[in-house]
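Since the structure comes first, as structure tokens, the remarks are kept for the end.
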Amino acid sequence: MPKLLDREKGKILGINAFDLFVILLILFLSFSLISRVIRPGEQVKEYSGLNIQNAALEFTRLNNLGFVVYGEIDGKWTINGSQFKGTILLVDALETRLIGSLNGRSVTIGGPNAYLEDLAAKTIVFRTETPSLIRVNVKKPIIAGDLQELIEDLRNISTNVAGKYGVKTIKVQAYTLVFDIPGFKATAMRYLEIRNKLSENIPYPVQKIYVVDDYISFSLYPTSLALRDIDLLKLDQILNELGLNYSRVMADQIEIYIGTQESLVGVGVYGEILANARPLSDVIDTTKLTFIPKP
């Protein structure tokens, strides 16, 4: 059995000290990477469940900035009192209630004495999925053959603007998102079908739906109603399931919230982002380009 410490040979547990250092460094980096993948890496604030009203205000602040927000909840299920400790995607807030999505299911979160909500929280820790955010205004409408094409255009803009800082999340605000559906007839039943499908498949609230002969329109405005790109792509599935075959899609007054992989800190960051954006000045408004280094 090797010695714990062999000073003569410079070994620890039979391993060369330098080799042991390399192994420990690899393990540390692996753990850090896995931790970032498993849960969002930017802790913002922690609240007691007793302070649920301020927690709701904090979510509203982060959501209005354009961040994708998670809540680490320590509490219990109100239906049976069983303990809950986990991470939930947060999508909306009322005065004393948070609303989230857990495994595709909508859940409500209240304070430790809650009984109307699904979860009674002892503590709530807010985390943003990304460390920083870039906000980009698109100058003119984007017209595409389908949603995949439109989203790819927005992803390409985001990748070019973010540059070396990378893109981890994208949220999209659009004043109008219109699907041309020749021959479509608007009815109250059709409106309810679309609204129900949206609530079943998209975790974020979609409150502004307009059903008109020959087209369907959504408004993802203001920022609190912005959707992730992955949520927008679900609209294709929803329209297909309802037998609504659109001929083209148009988005107007678009603002993109780019969640970066790396923190936007240090001197010269804005200059770098602006330099990345300038070649796209015919598409985006560089005078309105802003970034948020920390939530």
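Going through the structure tokens in order, the chains are called A, B, and so on, while each chain numbers its residues from 1 and the ligands are numbered from 1 in the order shown.
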
query: Which residues come within 7 Å of range 289-292 of chain A, counting only C-alpha atoms, excluding same-chain residues fewer than 6 positions away, as a ChimeraX atom specification?
result: /A:132-137

message: To test your reading of the structure, identify every residue in range 208-288 of chain A that backbone DSSP assigns to helix (DSSP H, G or I), and report it as a VMD selection string.
response: chain A and resid 223 to 225 229 to 241 269 to 280 286 to 288

query: With only C-alpha atoms as the basis for distance, which of A:Thr123, A:Ser101, A:Gln53, A:Thr286 is at the shortest distance from Phe84 in chain A?
result: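 Comparing A:Thr123, A:Ser101, A:Gln53, A:Thr286 against Phe84 in chain A, the winner is A:Thr123.
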
- request: For CA of Gln173 in chain A and CA of Tyr47 in chain A, determine how far apart the two atoms are, in Å to one decimal place.
  value: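 Pair CA of Gln173 in chain A / CA of Tyr47 in chain A returns 28.8 Å.
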
task: Select, from A:Val44, A:Leu177, A:Ile273, A:Ala56, the residue with the minimum atom-to-atom distance to Phe126 in chain A, counting only C-alpha atoms.
output: A:Val44

Mind running range 112-177 of chain A against range 237-247 of chain A at 12 Å and telling me each contacting residue's nearest atom pair with the distance in Å (one decimal), counting only C-alpha atoms, chain and number ascending, as CSV?
residue,atom,partner,partner_atom,distance
A:Ile143,CA,A:Ser247,CA,10.9
A:Ala144,CA,A:Ser247,CA,9.3
A:Gly145,CA,A:Ser247,CA,6.7
A:Asp146,CA,A:Ser247,CA,7.6
A:Leu147,CA,A:Tyr246,CA,10.1
A:Gln148,CA,A:Gln237,CA,11.3

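The residue that comes closest to Tyr221 in chain A, out of A:Val249, A:Leu264, A:Val161, A:Ala174 and on the basis of only C-alpha atoms, is A:Ala174.
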
- request: Pick out the closest residue to Asp285 in chain A from this set: A:Glu149, A:Val138, A:Pro205, A:Asp118. Count only C-alpha atoms.
  value: A:Val138

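The space between CA of Leu220 in chain A and CA of Ile52 in chain A spans 26.8 Å.
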
query: Between A:Ile157, A:Ile256, A:Ile216, A:Leu150, which has the minimum distance to Ser281 in chain A (counting only C-alpha atoms)?
result: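 Of all the options, A:Ile157 lies closest to Ser281 in chain A.
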
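Between Ile202 in chain A and the residues A:Leu233, A:Val68, A:Met189, A:Ile181, the shortest atom-to-atom distance, using only C-alpha atoms, involves A:Leu233.
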
query: Contacts of Trp77 in chain A at 9 Å or less, counting only C-alpha atoms, minus same-chain residues fewer than 5 places along, as a VMD selection string?
result: chain A and resid 82 to 84 117 to 121

query: What lies within 12 Å of Arg97 in chain A using only C-alpha atoms, ignoring chain neighbours under 2 positions off, as a PyMOL selection string?
result: chain A and resi 49-60+90-95+99-100+107-112+114-121+124

- request: Using DSSP on the backbone coordinates, identify the residues of range 23-175 of chain A assigned to strand (DSSP E); present them as an MDAnalysis selection string.
  value: chainID A and resid 42:48 69:77 83:94 97:102 105:110 119:128 132:137 142:144 167:175
